[in-house]
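Have a look at the structure below before the remarks.
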2 protein chains.
Amino acid sequence: MPGERWYIGNVTGKVLSGGGKMERTTIRDVARTAGVSINTVSRALNGKPDVNPETKRLILEAAERLQYTPNKLARGLRSKKTGVIGVIVADIANPFFSAMVKGMGKAVKELGYSIILQDTSENYENEEEAILIMQSEQVDGVLITPVQTDKRSILKLQESGIPFVLVARHFSDVDTDYVVADDVQGGYLATTHLIENGYTKIAFINGPSYNSSAIERLEGYKKALEEHNIELNEKLIRSGALTMEDGYSHGKALLIDHDPQPTAFFTFSDFVALGAMKAIREAGLRIPEDIAIVGYDDIPFSSCLKVSLTTVKVLKREMGKKAISVLEKKIDEQEGQSHLKMPVDLVIRQSSLSTRNLGTRG
Amino acid sequence: MPGERWYIGNVTGKVLSGGGKMERTTIRDVARTAGVSINTVSRALNGKPDVNPETKRLILEAAERLQYTPNKLARGLRSKKTGVIGVIVADIANPFFSAMVKGMGKAVKELGYSIILQDTSENYENEEEAILIMQSEQVDGVLITPVQTDKRSILKLQESGIPFVLVARHFSDVDTDYVVADDVQGGYLATTHLIENGYTKIAFINGPSYNSSAIERLEGYKKALEEHNIELNEKLIRSGALTMEDGYSHGKALLIDHDPQPTAFFTFSDFVALGAMKAIREAGLRIPEDIAIVGYDDIPFSSCLKVSLTTVKVLKREMGKKAISVLEKKIDEQEGQSHLKMPVDLVIRQSSLSTRNLGTRG
DNA sequence: CTGTTAGCGCCTTCAT
DNA sequence: ATGAAGGCGCTAACAG
């Protein structure tokens, strides 16, 4: 527990001899002003027992007047707790992650922690460095969406002894706590939906092959095909798509002289879907009449497109919040591992609903 | 300067008597192992002069072997520098701000700082609290996009003596450093573009009236109208729009039995534009044939819409980077205030280009 | 070149 | 119920 936070501002009114620079009020100033000893102040301010209500009042008043703010560094040095949680994400500019971080921020606030943010840009070296920084920062815990091109960084993190939880992605062969979305189910729902609407030639523009979300969604995709006795065609599966541009180029490749010609797309993210949609339009095809498409994540704009996007909704903020609460338990030494899968949900909109959506096609 | 960073990991190998928990290696352990005094180690590690190369080598070796990582808290307590910069944004889930933060993160990395993030959700009370937290965190400096419903929080920040820079928004009546976009110019460019394409009934779905960006864009809007001798009609100006939903409702209000009937929209953001576009479509109108629309920010998806969105491009990452560099100067006591306006640019796409874009309409 | 000393602000024994 | 003393890990004088 990072200790409760209460603030009254921070200006001392004192002025350094040298120039115009302020010096922060310390517990000492408060003690002097209240006419008590340093640690009586400490105890009063931290709500510890054994403090005369009257002196407590005096102390609180003095603190208020002097605009005292506790120094977290000093406190941290003593208590070995910084009240800071390190958050390492793959790309903060991606609405998926920024929504997640937003949720973390909210959850963390109630607990009195702060967040230090690191962005790896999906780059493993950056991830390694980010972890070292977190260690040096003495964070009380770490939340990380690993890049996954290598697992050694996570193994090191494990060795370091810092409590940590993987978020959004996890390793099948490294035993850690994690909070992820139920991606198998997501892949399954999306694919089943397309199949049930008569599509059989469903192309899957998937994420990188090392990415756990991509792996699990593919599993869901395969499961759905199998259940409906549709033969898997490797040519319809493409991987490595993360951006809009990737979606565009993969979409294009799948449409131009491609065998078999897909009649529907399932994509790794709404961003990828957007790129693919552009490719579809440029190929002179209509959505959903000629090609249906289903995205993933349910990012805000998806509902507002001219042809609104059917997608798998992931509870991004909730996932962030949940991750914090799992991490907090770890920090508080409450044993037992958490392997959490957040439920996902198919949001059916226009992009997958052709008016002539009966019977089999292609 | 937050002191150079160098890491070697952090596990000591030591085990506490009590249980399996690690204890971090301290400078003391290194000193003992290297057979020198504590502060020789400190100096060696910090690259200070007056250290025998040979002993330095010994110390570095020992540090390496023991996996020593400096304790930033202790260092900060002494040096009064935490190497942390506080970033307070209005909404990290907004792509505009997340792109900005991404830029800050990159810039900060090179300088050896870390970032503590706070999200106010456009709420003033949260902003006040965020500032207090930053003080308590002893950050070396603060970057903030103020909510602007009240300026007292900023005045307090000023009093606190912490170096800070406003980003993306600024106060006309509070003298601070800031890095913002050239919003007058942005409003002017967008409006002029519409006018030059024959539109005269240009509705402006603007942001909150206290928001400096909204104020300045309105200024640009008015300037453009004036230059073209188009009479300003207050009924075409709406304020308070921040979200997609706001854009939708304002758009709707402007289209249903509205006098005068607008022929073009200029909106506060691409998000707001997206909402307005939905309203336009629902009113049975076409973009851009019936209603042209210009957004603001140039958020990634804008280019990929079926009718791609004409918008004012703001250099979000660059603004973040610039803000960091200005802040760094302040931290290093380099005097002189910075009032920076980042250039903006009109990106013309389909949403403002009717095929029959000649002559005057409406 | 190197070691000794002192203290940053806070909290935690231990006395009183 | 309160105060005094010690120390978290590190850096910055000042000696030697």
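If you're wondering about the labels, chains in the structure tokens are A, B, ... by order shown, residues count from 1 in each chain, ligands from 1 in order shown.
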
Proximal residues of chain B relative to chain D (only C-alpha atoms (C1' of nucleotides); 10 Å) as a list in words = Thr26, Ile27, Arg28, Ile38, Asn39, Ser42, Arg43, Pro70, Asn71, Lys72, Leu73, Ala74, Arg75, Gly76, Leu77, Arg78 and Ser79 of chain B

With N, CA and C atoms kept, could you save the residues just selected as a short mmCIF file (atom, residue, chain, number, x, y, z; two decimals), in the first residue's frame?
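Result saved to out.cif:
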data_model
loop_
_atom_site.label_atom_id
_atom_site.label_comp_id
_atom_site.auth_asym_id
_atom_site.auth_seq_id
_atom_site.Cartn_x
_atom_site.Cartn_y
_atom_site.Cartn_z
N THR B 26 23.33 -2.53 -3.09
CA THR B 26 23.55 -1.10 -2.89
C THR B 26 24.99 -0.77 -3.22
N ILE B 27 25.22 0.50 -3.24
CA ILE B 27 26.54 1.01 -3.52
C ILE B 27 27.53 0.47 -2.49
N ARG B 28 27.03 0.19 -1.33
CA ARG B 28 27.83 -0.32 -0.24
C ARG B 28 28.38 -1.70 -0.55
N ILE B 38 32.65 3.82 -0.02
CA ILE B 38 31.37 4.06 -0.65
C ILE B 38 31.39 5.17 -1.70
N ASN B 39 32.01 6.27 -1.37
CA ASN B 39 31.86 7.37 -2.31
C ASN B 39 32.84 7.29 -3.47
N SER B 42 30.65 5.76 -5.77
CA SER B 42 29.71 6.75 -6.29
C SER B 42 30.35 7.56 -7.40
N ARG B 43 31.55 8.00 -7.15
CA ARG B 43 32.20 8.86 -8.14
C ARG B 43 32.56 8.08 -9.39
N PRO B 70 21.44 1.61 -9.52
CA PRO B 70 21.31 2.75 -8.60
C PRO B 70 19.88 2.88 -8.10
N ASN B 71 19.74 3.30 -6.89
CA ASN B 71 18.44 3.55 -6.30
C ASN B 71 18.05 5.00 -6.55
N LYS B 72 17.09 5.18 -7.43
CA LYS B 72 16.74 6.54 -7.82
C LYS B 72 16.13 7.35 -6.69
N LEU B 73 15.53 6.68 -5.76
CA LEU B 73 14.92 7.41 -4.65
C LEU B 73 15.99 8.08 -3.80
N ALA B 74 16.96 7.28 -3.45
CA ALA B 74 18.02 7.82 -2.62
C ALA B 74 18.74 8.94 -3.36
N ARG B 75 19.02 8.67 -4.60
CA ARG B 75 19.70 9.67 -5.42
C ARG B 75 18.87 10.95 -5.48
N GLY B 76 17.59 10.75 -5.69
CA GLY B 76 16.71 11.90 -5.81
C GLY B 76 16.61 12.68 -4.52
N LEU B 77 16.58 11.96 -3.45
CA LEU B 77 16.46 12.62 -2.15
C LEU B 77 17.65 13.54 -1.92
N ARG B 78 18.78 13.05 -2.30
CA ARG B 78 19.99 13.84 -2.14
C ARG B 78 20.06 14.99 -3.15
N SER B 79 19.92 14.62 -4.38
CA SER B 79 20.23 15.58 -5.44
C SER B 79 19.06 16.50 -5.76
#

Would you kindly return, as a VMD selection string, each protein, DNA or RNA residue with an atom no farther than 12 Å from any atom of Val307 of chain B, considering only C-alpha atoms (C1' of nucleotides) and excluding same-chain residues fewer than 3 positions away?
-> (chain A and resid 278 281 305 to 307) or (chain B and resid 273 to 274 277 to 278 281 286 to 289 292 to 294 301 to 304 310 348 to 354)

Result of fitting chain A on chain B (Cα atoms paired in order), as a short mmCIF file (atom, residue, chain, number, x, y, z; two decimals) with C-alpha atoms, in the first residue's frame:
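What ended up in result06.cif:
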data_model
loop_
_atom_site.label_atom_id
_atom_site.label_comp_id
_atom_site.auth_asym_id
_atom_site.auth_seq_id
_atom_site.Cartn_x
_atom_site.Cartn_y
_atom_site.Cartn_z
CA MET A 1 19.93 17.03 -15.55
CA PRO A 2 18.72 13.76 -14.14
CA GLY A 3 22.12 12.13 -14.30
CA GLU A 4 23.02 9.67 -16.95
CA ARG A 5 21.41 6.29 -16.81
CA TRP A 6 23.21 3.07 -17.16
CA TYR A 7 21.89 -0.23 -16.08
CA ILE A 8 23.15 -3.68 -15.67
CA GLY A 9 20.15 -5.35 -14.20
CA ASN A 10 19.36 -5.54 -10.53
CA VAL A 11 19.40 -8.88 -8.88
CA THR A 12 21.77 -9.28 -6.00
CA GLY A 13 21.61 -12.97 -5.56
CA LYS A 14 21.35 -12.22 -1.89
CA VAL A 15 18.40 -13.71 -0.15
CA LEU A 16 16.79 -12.29 2.90
CA SER A 17 16.81 -14.50 5.95
CA GLY A 18 13.05 -14.33 6.24
CA GLY A 19 11.92 -15.69 2.93
CA GLY A 20 12.39 -15.71 -0.78
CA LYS A 21 12.47 -11.97 -1.20
CA MET A 22 15.35 -10.26 -2.93
CA GLU A 23 17.23 -7.25 -1.71
CA ARG A 24 18.52 -4.76 -4.17
CA THR A 25 22.22 -4.37 -4.69
CA THR A 26 23.52 -1.10 -3.35
CA ILE A 27 26.57 0.93 -4.02
CA ARG A 28 27.89 -0.54 -0.81
CA ASP A 29 27.82 -4.10 -2.10
CA VAL A 30 29.76 -2.98 -5.11
CA ALA A 31 32.28 -1.20 -2.92
CA ARG A 32 32.80 -4.27 -0.80
CA THR A 33 33.17 -6.54 -3.79
CA ALA A 34 35.58 -4.20 -5.52
CA GLY A 35 37.47 -3.65 -2.32
CA VAL A 36 37.17 0.11 -2.37
CA SER A 37 35.23 2.74 -0.53
CA ILE A 38 31.65 3.66 -1.20
CA ASN A 39 32.31 6.98 -2.76
CA THR A 40 35.03 5.78 -5.06
CA VAL A 41 32.32 3.62 -6.50
CA SER A 42 29.98 6.56 -6.70
CA ARG A 43 32.55 8.59 -8.55
CA ALA A 44 33.53 5.80 -10.88
CA LEU A 45 29.93 5.09 -11.77
CA ASN A 46 29.10 8.71 -12.35
CA GLY A 47 32.07 9.32 -14.58
CA LYS A 48 33.65 11.83 -12.27
CA PRO A 49 37.35 12.63 -12.56
CA ASP A 50 39.99 11.47 -10.11
CA VAL A 51 39.47 7.76 -10.45
CA ASN A 52 42.25 5.40 -11.35
CA PRO A 53 41.33 3.71 -14.63
CA GLU A 54 42.25 0.37 -13.20
CA THR A 55 40.10 0.66 -10.09
CA LYS A 56 37.37 2.02 -12.26
CA ARG A 57 37.49 -1.12 -14.33
CA LEU A 58 37.31 -3.22 -11.21
CA ILE A 59 34.33 -1.29 -9.97
CA LEU A 60 32.49 -1.50 -13.24
CA GLU A 61 33.09 -5.21 -13.30
CA ALA A 62 31.79 -5.68 -9.79
CA ALA A 63 28.74 -3.60 -10.56
CA GLU A 64 28.08 -5.66 -13.64
CA ARG A 65 28.44 -8.90 -11.78
CA LEU A 66 26.19 -7.82 -8.94
CA GLN A 67 23.66 -6.38 -11.36
CA TYR A 68 23.75 -3.07 -9.64
CA THR A 69 21.07 -0.52 -10.45
CA PRO A 70 21.21 2.92 -8.88
CA ASN A 71 18.44 3.77 -6.49
CA LYS A 72 16.76 6.84 -7.86
CA LEU A 73 15.08 7.64 -4.60
CA ALA A 74 18.29 7.92 -2.70
CA ARG A 75 19.87 9.83 -5.50
CA GLY A 76 16.89 12.11 -5.72
CA LEU A 77 16.82 12.73 -2.01
CA ARG A 78 20.35 13.99 -2.17
CA SER A 79 20.31 15.84 -5.40
CA LYS A 80 16.82 17.28 -5.13
CA LYS A 81 16.21 15.98 -8.62
CA THR A 82 13.97 13.03 -9.29
CA GLY A 83 14.58 12.70 -12.99
CA VAL A 84 10.83 12.55 -13.38
CA ILE A 85 8.61 14.82 -15.39
CA GLY A 86 4.91 15.07 -14.66
CA VAL A 87 2.58 15.01 -17.63
CA ILE A 88 -1.01 16.04 -17.09
CA VAL A 89 -3.31 15.56 -20.06
CA ALA A 90 -7.01 16.09 -20.51
CA ASP A 91 -7.72 12.63 -21.91
CA ILE A 92 -5.13 10.02 -22.72
CA ALA A 93 -7.71 7.96 -24.61
CA ASN A 94 -7.97 10.76 -27.16
CA PRO A 95 -5.60 9.97 -30.05
CA PHE A 96 -4.56 13.58 -30.15
CA PHE A 97 -3.18 13.48 -26.64
CA SER A 98 -1.83 9.98 -26.83
CA ALA A 99 0.18 10.93 -29.90
CA MET A 100 1.45 13.94 -28.02
CA VAL A 101 2.42 11.82 -25.04
CA LYS A 102 4.16 9.41 -27.36
CA GLY A 103 6.31 12.27 -28.63
CA MET A 104 7.05 13.36 -25.08
CA GLY A 105 8.07 9.84 -24.16
CA LYS A 106 10.56 9.68 -26.98
CA ALA A 107 12.08 13.05 -26.23
CA VAL A 108 12.28 12.35 -22.55
CA LYS A 109 14.07 9.10 -23.04
CA GLU A 110 17.03 10.70 -24.68
CA LEU A 111 17.33 13.10 -21.78
CA GLY A 112 17.16 10.38 -19.19
CA TYR A 113 13.92 11.43 -17.58
CA SER A 114 10.87 9.34 -16.83
CA ILE A 115 7.26 10.39 -17.14
CA ILE A 116 4.54 10.28 -14.53
CA LEU A 117 1.16 10.48 -16.17
CA GLN A 118 -2.08 11.97 -14.92
CA ASP A 119 -5.34 12.10 -16.82
CA THR A 120 -7.86 14.75 -15.82
CA SER A 121 -10.72 13.62 -18.06
CA GLU A 122 -11.31 17.31 -18.79
CA ASN A 123 -12.28 17.80 -15.18
CA TYR A 124 -10.96 20.72 -13.20
CA GLU A 125 -10.99 19.06 -9.79
CA ASN A 126 -8.91 16.24 -11.18
CA GLU A 127 -6.51 18.78 -12.53
CA GLU A 128 -6.06 20.38 -9.14
CA GLU A 129 -5.42 17.02 -7.59
CA ALA A 130 -3.04 16.02 -10.34
CA ILE A 131 -0.95 19.10 -9.69
CA LEU A 132 -0.76 18.33 -5.99
CA ILE A 133 0.31 14.81 -6.76
CA MET A 134 3.04 16.08 -9.01
CA GLN A 135 4.30 18.27 -6.22
CA SER A 136 4.31 15.43 -3.79
CA GLU A 137 6.08 13.28 -6.36
CA GLN A 138 8.77 15.95 -6.45
CA VAL A 139 8.83 15.97 -10.22
CA ASP A 140 11.49 18.12 -11.81
CA GLY A 141 8.98 19.71 -14.12
CA VAL A 142 5.41 19.57 -15.36
CA LEU A 143 3.80 19.54 -18.78
CA ILE A 144 0.09 20.22 -18.69
CA THR A 145 -2.85 20.64 -21.04
CA PRO A 146 -5.14 22.62 -18.75
CA VAL A 147 -8.86 22.04 -18.61
CA GLN A 148 -9.27 25.82 -18.61
CA THR A 149 -12.60 26.07 -16.84
CA ASP A 150 -10.58 27.77 -14.13
CA LYS A 151 -7.11 29.19 -14.11
CA ARG A 152 -6.41 29.00 -10.42
CA SER A 153 -4.78 25.59 -10.63
CA ILE A 154 -2.21 27.03 -12.99
CA LEU A 155 -1.63 30.01 -10.77
CA LYS A 156 -0.97 27.64 -7.90
CA LEU A 157 1.38 25.64 -10.03
CA GLN A 158 3.18 28.85 -10.77
CA GLU A 159 3.47 29.69 -7.09
CA SER A 160 4.85 26.28 -6.34
CA GLY A 161 8.00 27.09 -8.22
CA ILE A 162 8.02 23.88 -10.20
CA PRO A 163 9.11 24.56 -13.77
CA PHE A 164 6.16 23.93 -16.06
CA VAL A 165 5.00 24.44 -19.60
CA LEU A 166 1.46 24.49 -20.94
CA VAL A 167 0.89 22.27 -23.95
CA ALA A 168 -1.76 22.47 -26.64
CA ARG A 169 -3.71 25.07 -24.69
CA HIS A 170 -2.77 28.32 -23.04
CA PHE A 171 -4.27 31.26 -21.22
CA SER A 172 -4.33 34.69 -22.76
CA ASP A 173 -4.38 36.26 -19.33
CA VAL A 174 -1.82 34.17 -17.49
CA ASP A 175 1.79 34.66 -18.35
CA THR A 176 3.40 31.24 -18.74
CA ASP A 177 5.55 29.30 -21.12
CA TYR A 178 3.54 27.32 -23.63
CA VAL A 179 3.77 25.21 -26.74
CA VAL A 180 0.57 25.18 -28.75
CA ALA A 181 -0.59 24.73 -32.30
CA ASP A 182 -1.21 27.76 -34.43
CA ASP A 183 -4.95 27.49 -34.07
CA VAL A 184 -5.82 30.87 -35.50
CA GLN A 185 -4.06 29.81 -38.64
CA GLY A 186 -5.74 26.40 -38.54
CA GLY A 187 -9.19 27.93 -38.34
CA TYR A 188 -8.26 30.35 -41.06
CA LEU A 189 -6.92 27.71 -43.43
CA ALA A 190 -9.90 25.42 -43.07
CA THR A 191 -12.44 28.18 -43.53
CA THR A 192 -10.62 29.78 -46.43
CA HIS A 193 -10.41 26.44 -48.16
CA LEU A 194 -14.15 25.99 -47.91
CA ILE A 195 -14.84 29.52 -49.05
CA GLU A 196 -12.56 29.15 -52.03
CA ASN A 197 -14.46 26.07 -53.01
CA GLY A 198 -17.61 28.09 -53.17
CA TYR A 199 -19.10 27.53 -49.76
CA THR A 200 -20.49 30.45 -47.84
CA LYS A 201 -22.85 28.91 -45.33
CA ILE A 202 -20.14 27.33 -43.24
CA ALA A 203 -21.25 25.97 -39.90
CA PHE A 204 -18.59 25.78 -37.20
CA ILE A 205 -19.02 23.03 -34.63
CA ASN A 206 -16.47 24.34 -32.18
CA GLY A 207 -15.06 23.20 -28.86
CA PRO A 208 -15.86 24.64 -25.43
CA SER A 209 -15.83 28.42 -25.30
CA TYR A 210 -13.20 28.52 -22.54
CA ASN A 211 -10.79 26.36 -24.50
CA SER A 212 -7.98 28.38 -26.04
CA SER A 213 -7.91 26.25 -29.16
CA ALA A 214 -11.59 26.83 -29.68
CA ILE A 215 -11.18 30.55 -29.11
CA GLU A 216 -8.34 30.86 -31.58
CA ARG A 217 -9.87 28.69 -34.25
CA LEU A 218 -12.98 30.80 -34.08
CA GLU A 219 -10.78 33.83 -34.56
CA GLY A 220 -9.31 32.24 -37.68
CA TYR A 221 -12.77 31.34 -38.91
CA LYS A 222 -13.98 34.90 -38.48
CA LYS A 223 -10.91 36.32 -40.13
CA ALA A 224 -11.42 34.15 -43.21
CA LEU A 225 -15.07 35.13 -43.52
CA GLU A 226 -14.21 38.76 -43.15
CA GLU A 227 -11.53 38.65 -45.78
CA HIS A 228 -14.05 37.27 -48.22
CA ASN A 229 -16.78 39.66 -47.21
CA ILE A 230 -19.01 36.94 -45.94
CA GLU A 231 -21.27 37.99 -43.17
CA LEU A 232 -20.83 36.18 -39.91
CA ASN A 233 -23.94 34.33 -38.81
CA GLU A 234 -23.93 33.40 -35.15
CA LYS A 235 -26.53 30.76 -35.77
CA LEU A 236 -23.96 28.76 -37.67
CA ILE A 237 -21.58 28.69 -34.74
CA ARG A 238 -21.96 26.08 -32.04
CA SER A 239 -19.63 25.42 -29.19
CA GLY A 240 -18.91 22.80 -26.56
CA ALA A 241 -18.19 19.88 -28.87
CA LEU A 242 -15.47 17.50 -27.76
CA THR A 243 -16.69 14.00 -28.57
CA MET A 244 -18.09 12.08 -31.49
CA GLU A 245 -21.47 12.19 -29.80
CA ASP A 246 -21.28 15.97 -29.50
CA GLY A 247 -20.49 16.15 -33.20
CA TYR A 248 -23.48 14.00 -33.97
CA SER A 249 -25.96 16.01 -31.93
CA HIS A 250 -24.69 19.38 -33.09
CA GLY A 251 -24.63 18.17 -36.66
CA LYS A 252 -28.18 17.02 -36.37
CA ALA A 253 -29.33 20.29 -34.88
CA LEU A 254 -27.70 22.18 -37.72
CA LEU A 255 -29.36 20.10 -40.38
CA ILE A 256 -32.93 19.71 -39.21
CA ASP A 257 -35.04 22.71 -40.05
CA HIS A 258 -32.13 24.98 -39.45
CA ASP A 259 -31.99 28.50 -40.72
CA PRO A 260 -29.79 29.15 -42.52
CA GLN A 261 -29.18 25.69 -43.91
CA PRO A 262 -25.41 25.14 -43.86
CA THR A 263 -23.63 23.75 -46.91
CA ALA A 264 -20.39 22.98 -45.13
CA PHE A 265 -19.16 22.01 -41.67
CA PHE A 266 -15.94 22.91 -39.99
CA THR A 267 -15.45 20.95 -36.78
CA PHE A 268 -13.30 21.18 -33.68
CA SER A 269 -11.73 17.77 -34.17
CA ASP A 270 -11.75 14.76 -36.45
CA PHE A 271 -13.76 12.93 -33.82
CA VAL A 272 -16.39 15.63 -33.83
CA ALA A 273 -16.33 15.48 -37.63
CA LEU A 274 -17.00 11.76 -37.55
CA GLY A 275 -20.08 12.29 -35.45
CA ALA A 276 -21.24 15.11 -37.68
CA MET A 277 -20.71 12.91 -40.75
CA LYS A 278 -23.00 10.36 -39.25
CA ALA A 279 -25.64 13.02 -38.73
CA ILE A 280 -25.23 14.14 -42.31
CA ARG A 281 -25.71 10.65 -43.66
CA GLU A 282 -28.71 10.08 -41.47
CA ALA A 283 -30.23 13.25 -42.84
CA GLY A 284 -30.00 11.65 -46.25
CA LEU A 285 -27.31 14.01 -47.44
CA ARG A 286 -24.12 13.14 -49.28
CA ILE A 287 -20.56 14.12 -48.44
CA PRO A 288 -19.20 16.16 -50.09
CA GLU A 289 -21.90 16.67 -52.71
CA ASP A 290 -24.50 18.06 -50.34
CA ILE A 291 -22.41 19.00 -47.37
CA ALA A 292 -18.66 19.47 -47.29
CA ILE A 293 -16.78 18.90 -44.07
CA VAL A 294 -13.38 19.74 -42.67
CA GLY A 295 -12.04 18.34 -39.41
CA TYR A 296 -9.10 19.15 -37.18
CA ASP A 297 -6.08 17.22 -35.82
CA ASP A 298 -5.47 14.70 -38.59
CA ILE A 299 -5.91 11.60 -36.53
CA PRO A 300 -4.70 8.37 -38.19
CA PHE A 301 -7.99 6.95 -39.37
CA SER A 302 -9.06 10.16 -41.12
CA SER A 303 -7.24 9.26 -44.29
CA CYS A 304 -8.79 5.81 -44.46
CA LEU A 305 -12.45 6.71 -44.37
CA LYS A 306 -14.58 5.86 -47.34
CA VAL A 307 -14.86 9.56 -47.92
CA SER A 308 -11.51 10.60 -46.57
CA LEU A 309 -11.55 13.60 -44.31
CA THR A 310 -10.07 16.97 -45.14
CA THR A 311 -8.52 18.22 -41.96
CA VAL A 312 -6.05 20.55 -40.31
CA LYS A 313 -2.97 18.59 -39.52
CA VAL A 314 -1.38 19.24 -36.15
CA LEU A 315 2.10 17.94 -35.43
CA LYS A 316 1.13 16.10 -32.30
CA ARG A 317 4.32 14.20 -31.56
CA GLU A 318 6.50 17.13 -32.48
CA MET A 319 4.51 19.32 -30.16
CA GLY A 320 5.14 16.84 -27.36
CA LYS A 321 8.83 16.76 -28.14
CA LYS A 322 9.07 20.51 -28.35
CA ALA A 323 7.29 20.86 -25.04
CA ILE A 324 9.84 18.61 -23.42
CA SER A 325 12.72 20.56 -24.83
CA VAL A 326 11.24 23.84 -23.64
CA LEU A 327 10.63 22.35 -20.23
CA GLU A 328 14.16 21.04 -20.05
CA LYS A 329 15.51 24.51 -20.65
CA LYS A 330 13.37 25.81 -17.83
CA ILE A 331 14.60 23.10 -15.54
CA ASP A 332 18.15 23.99 -16.40
CA GLU A 333 17.36 27.51 -15.36
CA GLN A 334 17.92 28.88 -18.79
CA GLU A 335 15.86 31.99 -18.50
CA GLY A 336 13.55 33.53 -21.06
CA GLN A 337 10.00 32.55 -21.79
CA SER A 338 8.90 30.45 -24.71
CA HIS A 339 5.63 31.10 -26.44
CA LEU A 340 5.70 28.57 -29.21
CA LYS A 341 3.14 28.02 -31.92
CA MET A 342 3.61 24.89 -33.95
CA PRO A 343 2.76 25.29 -37.62
CA VAL A 344 -0.40 23.63 -38.89
CA ASP A 345 -1.20 22.41 -42.32
CA LEU A 346 -4.38 21.85 -44.29
CA VAL A 347 -4.64 18.32 -45.64
CA ILE A 348 -7.12 18.32 -48.47
CA ARG A 349 -8.94 15.07 -49.03
CA GLN A 350 -12.33 14.09 -50.39
CA SER A 351 -14.75 15.36 -47.77
CA SER A 352 -14.41 18.95 -48.90
CA LEU A 353 -14.09 18.41 -52.63
CA SER A 354 -17.39 18.16 -54.39
CA THR A 355 -17.04 17.31 -58.07
CA ARG A 356 -19.29 20.24 -58.73
CA ASN A 357 -17.12 22.53 -56.73
CA LEU A 358 -17.46 25.58 -58.86
CA GLY A 359 -19.55 28.63 -58.37
CA THR A 360 -21.45 29.70 -55.33
CA ARG A 361 -23.98 27.59 -53.58
CA GLY A 362 -26.58 28.07 -50.87
#

If you run DSSP over the backbone, which residues in segment 16-255 of chain A end up alpha helix (DSSP H)? Put them as a VMD selection string.
-> chain A and resid 27 to 34 38 to 45 53 to 66 72 to 79 95 to 111 124 to 136 152 to 160 183 to 196 212 to 227 244 to 255
